[in-house]
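Heads up: the structure comes next, in structure tokens.
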Amino acid sequence: MMILGFLFLLLAVWYWMRNRDRKGGKISALLLAVVGLTIIGFTHADNVDKQRAAESSSIASSKKAKSESISKSKSESRDQAMDDATYTALAKNLTSQMASDSTLNGFKIAYKDSQFYVTVPDNVAAMTDNEQKEVYSSVISLIESHNANAPVSFYDQNGNPVARMTLSGGVKLYK
């Protein structure tokens, strides 16, 4: 549309040059120039409006994305708090379950800092390495059977680390 306005201006200049001597020709050329400038002005104003609408749309979409990000992080923290409460209750429940099992009696499970902490009785610390790995693996299996996906660390009665769960699900003993 802007091109049409420039064409009207060119036509006005051409008409002006051809009819310099006549008064009616000058008025006609002036009218063509006014029409051309009006078309250019309206086209420019329309382009400015479209640009402002695009900018405001962009700002609105970025505000929306930011608010969605904030609500998502709030939801994730709420889910994390729910997981912490669920895992803490699971740890207490498993501790009471293991009290009735002859192999796992004396183990205490706690959950904090997104990790299970298992306190090992002294009689397990006196076992051979392979026997310890078997017992620790059975504790890990018990925890995982309740769909708990958190790292597991084993500590003796004095709070010293004795073993941990590996990334592959095995057991690494500390010596």
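Naming works like this for the structure tokens: A, B, ... for the chains as they're shown, residue 1 at the start of each chain, ligands 1 onward in shown order.
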- Query: segment 31-174 of chain A: which residues are strand (DSSP E) by DSSP, as a list in words?
  - Reply: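 DSSP on the backbone gives strand (DSSP E) at Lys108, Ile109, Ala110, Tyr111, Lys112, Gln115, Phe116, Tyr117, Val118, Thr119, Val152, Ser153, Phe154, Tyr155, Pro161, Val162, Ala163, Arg164, Met165, Val171, Lys172 and Leu173 of chain A.
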- Task: Within 12 Å of Met165 of chain A, counting only C-alpha atoms, which residues show up once you throw out same-chain ones fewer than 3 positions away? Write them as a PyMOL selection string, please.
- Result: chain A and resi 115-118+133+136-141+143-144+149-155+161-162+168-174
Can you spit out the residues from that selection as a JSON list (two decimals), in the first residue's frame, using N, CA, C and O atoms?
[["chain", "number", "residue", "atom", "x", "y", "z"],
["A", 115, "GLN", "N", 17.19, -38.42, 50.97],
["A", 115, "GLN", "CA", 18.01, -39.63, 51.02],
["A", 115, "GLN", "C", 17.55, -40.49, 52.21],
["A", 115, "GLN", "O", 17.15, -39.98, 53.24],
["A", 116, "PHE", "N", 17.63, -41.81, 52.01],
["A", 116, "PHE", "CA", 17.35, -42.73, 53.10],
["A", 116, "PHE", "C", 18.64, -43.01, 53.87],
["A", 116, "PHE", "O", 19.67, -43.31, 53.27],
["A", 117, "TYR", "N", 18.58, -42.88, 55.19],
["A", 117, "TYR", "CA", 19.70, -43.19, 56.07],
["A", 117, "TYR", "C", 19.34, -44.43, 56.88],
["A", 117, "TYR", "O", 18.33, -44.43, 57.58],
["A", 118, "VAL", "N", 20.13, -45.48, 56.74],
["A", 118, "VAL", "CA", 19.85, -46.74, 57.43],
["A", 118, "VAL", "C", 20.93, -46.95, 58.48],
["A", 118, "VAL", "O", 22.12, -46.99, 58.18],
["A", 133, "LYS", "N", 26.84, -57.30, 52.05],
["A", 133, "LYS", "CA", 26.27, -56.86, 50.77],
["A", 133, "LYS", "C", 24.88, -57.46, 50.55],
["A", 133, "LYS", "O", 23.97, -56.79, 50.06],
["A", 136, "TYR", "N", 22.45, -55.65, 52.96],
["A", 136, "TYR", "CA", 22.20, -54.29, 52.51],
["A", 136, "TYR", "C", 21.38, -54.28, 51.22],
["A", 136, "TYR", "O", 20.50, -53.44, 51.04],
["A", 137, "SER", "N", 21.65, -55.25, 50.34],
["A", 137, "SER", "CA", 20.85, -55.35, 49.10],
["A", 137, "SER", "C", 19.40, -55.66, 49.40],
["A", 137, "SER", "O", 18.49, -55.15, 48.73],
["A", 138, "SER", "N", 19.14, -56.49, 50.41],
["A", 138, "SER", "CA", 17.76, -56.80, 50.76],
["A", 138, "SER", "C", 17.05, -55.56, 51.34],
["A", 138, "SER", "O", 15.87, -55.35, 51.08],
["A", 139, "VAL", "N", 17.79, -54.72, 52.06],
["A", 139, "VAL", "CA", 17.18, -53.47, 52.57],
["A", 139, "VAL", "C", 16.86, -52.54, 51.40],
["A", 139, "VAL", "O", 15.77, -51.96, 51.33],
["A", 140, "ILE", "N", 17.80, -52.43, 50.45],
["A", 140, "ILE", "CA", 17.56, -51.60, 49.26],
["A", 140, "ILE", "C", 16.37, -52.12, 48.47],
["A", 140, "ILE", "O", 15.50, -51.35, 48.04],
["A", 141, "SER", "N", 16.29, -53.43, 48.31],
["A", 141, "SER", "CA", 15.15, -54.03, 47.58],
["A", 141, "SER", "C", 13.84, -53.75, 48.29],
["A", 141, "SER", "O", 12.82, -53.48, 47.65],
["A", 143, "ILE", "N", 13.16, -51.17, 50.19],
["A", 143, "ILE", "CA", 12.82, -49.75, 49.98],
["A", 143, "ILE", "C", 12.30, -49.54, 48.55],
["A", 143, "ILE", "O", 11.29, -48.88, 48.34],
["A", 144, "GLU", "N", 12.99, -50.12, 47.58],
["A", 144, "GLU", "CA", 12.58, -49.94, 46.18],
["A", 144, "GLU", "C", 11.26, -50.63, 45.87],
["A", 144, "GLU", "O", 10.56, -50.23, 44.95],
["A", 149, "ASN", "N", 12.30, -43.85, 45.11],
["A", 149, "ASN", "CA", 13.48, -43.63, 44.27],
["A", 149, "ASN", "C", 14.38, -42.58, 44.92],
["A", 149, "ASN", "O", 14.35, -41.42, 44.54],
["A", 150, "ALA", "N", 15.13, -42.98, 45.90],
["A", 150, "ALA", "CA", 16.05, -42.08, 46.58],
["A", 150, "ALA", "C", 17.30, -42.86, 46.95],
["A", 150, "ALA", "O", 17.24, -44.08, 47.16],
["A", 151, "PRO", "N", 18.44, -42.20, 47.05],
["A", 151, "PRO", "CA", 19.67, -42.89, 47.43],
["A", 151, "PRO", "C", 19.57, -43.45, 48.85],
["A", 151, "PRO", "O", 18.85, -42.92, 49.70],
["A", 152, "VAL", "N", 20.32, -44.52, 49.09],
["A", 152, "VAL", "CA", 20.33, -45.17, 50.40],
["A", 152, "VAL", "C", 21.77, -45.22, 50.90],
["A", 152, "VAL", "O", 22.67, -45.65, 50.18],
["A", 153, "SER", "N", 21.98, -44.77, 52.14],
["A", 153, "SER", "CA", 23.30, -44.84, 52.78],
["A", 153, "SER", "C", 23.16, -45.61, 54.09],
["A", 153, "SER", "O", 22.15, -45.50, 54.78],
["A", 154, "PHE", "N", 24.20, -46.38, 54.41],
["A", 154, "PHE", "CA", 24.19, -47.21, 55.62],
["A", 154, "PHE", "C", 25.23, -46.68, 56.60],
["A", 154, "PHE", "O", 26.36, -46.38, 56.21],
["A", 155, "TYR", "N", 24.84, -46.59, 57.88],
["A", 155, "TYR", "CA", 25.72, -46.08, 58.93],
["A", 155, "TYR", "C", 25.71, -47.05, 60.10],
["A", 155, "TYR", "O", 24.71, -47.70, 60.38],
["A", 161, "PRO", "N", 29.81, -43.91, 58.22],
["A", 161, "PRO", "CA", 29.30, -44.57, 57.02],
["A", 161, "PRO", "C", 29.96, -45.95, 56.83],
["A", 161, "PRO", "O", 31.17, -46.08, 56.98],
["A", 162, "VAL", "N", 29.14, -46.95, 56.53],
["A", 162, "VAL", "CA", 29.66, -48.29, 56.30],
["A", 162, "VAL", "C", 29.42, -48.77, 54.87],
["A", 162, "VAL", "O", 30.17, -49.59, 54.36],
["A", 168, "SER", "N", 24.02, -48.16, 40.03],
["A", 168, "SER", "CA", 23.46, -49.33, 39.34],
["A", 168, "SER", "C", 22.57, -50.15, 40.27],
["A", 168, "SER", "O", 22.01, -51.15, 39.84],
["A", 169, "GLY", "N", 22.43, -49.74, 41.52],
["A", 169, "GLY", "CA", 21.56, -50.46, 42.45],
["A", 169, "GLY", "C", 22.31, -51.44, 43.32],
["A", 169, "GLY", "O", 21.70, -52.11, 44.15],
["A", 170, "GLY", "N", 23.62, -51.56, 43.16],
["A", 170, "GLY", "CA", 24.40, -52.45, 43.98],
["A", 170, "GLY", "C", 24.78, -51.79, 45.30],
["A", 170, "GLY", "O", 24.23, -50.76, 45.68],
["A", 171, "VAL", "N", 25.74, -52.42, 45.99],
["A", 171, "VAL", "CA", 26.17, -51.92, 47.29],
["A", 171, "VAL", "C", 27.68, -51.71, 47.26],
["A", 171, "VAL", "O", 28.43, -52.56, 46.79],
["A", 172, "LYS", "N", 28.12, -50.57, 47.75],
["A", 172, "LYS", "CA", 29.55, -50.28, 47.88],
["A", 172, "LYS", "C", 29.85, -50.19, 49.37],
["A", 172, "LYS", "O", 29.27, -49.39, 50.09],
["A", 173, "LEU", "N", 30.76, -51.06, 49.84],
["A", 173, "LEU", "CA", 31.15, -51.06, 51.24],
["A", 173, "LEU", "C", 32.31, -50.10, 51.45],
["A", 173, "LEU", "O", 33.19, -49.96, 50.60],
["A", 174, "TYR", "N", 32.31, -49.43, 52.61],
["A", 174, "TYR", "CA", 33.44, -48.59, 53.00],
["A", 174, "TYR", "C", 34.30, -49.37, 53.96],
["A", 174, "TYR", "O", 33.79, -50.04, 54.85]]
- Query: Residues of segment 1-173 of chain A in alpha helix (DSSP H) according to DSSP, as a PyMOL selection string?
  - Reply: chain A and resi 2-18+23-99+122-125+129-144
- Query: atom CA of Ala126 of chain A to atom CA of Asn93 of chain A: how many Å, to one decimal?
  - Reply: 26.2 Å
Can you pull out the residues contacting Pro121 of chain A? Cut-off 6 Å, using only C-alpha atoms, and skip same-chain residues under 3 positions away; I want them as a compact mmCIF listing (two decimals) with N, CA, C and O atoms, in the first residue's frame.
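Printed below is part_11.txt as written:
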# COMPACT_ATOMS: atom_id res chain seq x y z
N GLY A 106 16.67 -54.76 63.99
CA GLY A 106 17.68 -53.85 64.50
C GLY A 106 18.04 -52.73 63.53
O GLY A 106 18.69 -51.77 63.92
N PHE A 107 17.63 -52.84 62.27
CA PHE A 107 17.87 -51.77 61.31
C PHE A 107 16.87 -50.63 61.58
O PHE A 107 15.71 -50.87 61.91
N VAL A 124 25.54 -56.97 62.21
CA VAL A 124 25.71 -56.98 60.75
C VAL A 124 27.10 -56.46 60.40
O VAL A 124 27.74 -56.96 59.47
- Note on the structure: From atom CA of Ser114 of chain A to atom CA of Ser96 of chain A the spacing works out at 20.6 Å
- Point-to-point distance in Å for atom CA of Thr103 of chain A and atom CA of Thr128 of chain A: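 Interatomic distance, atom CA of Thr128 of chain A to atom CA of Thr103 of chain A: 14.7 Å.
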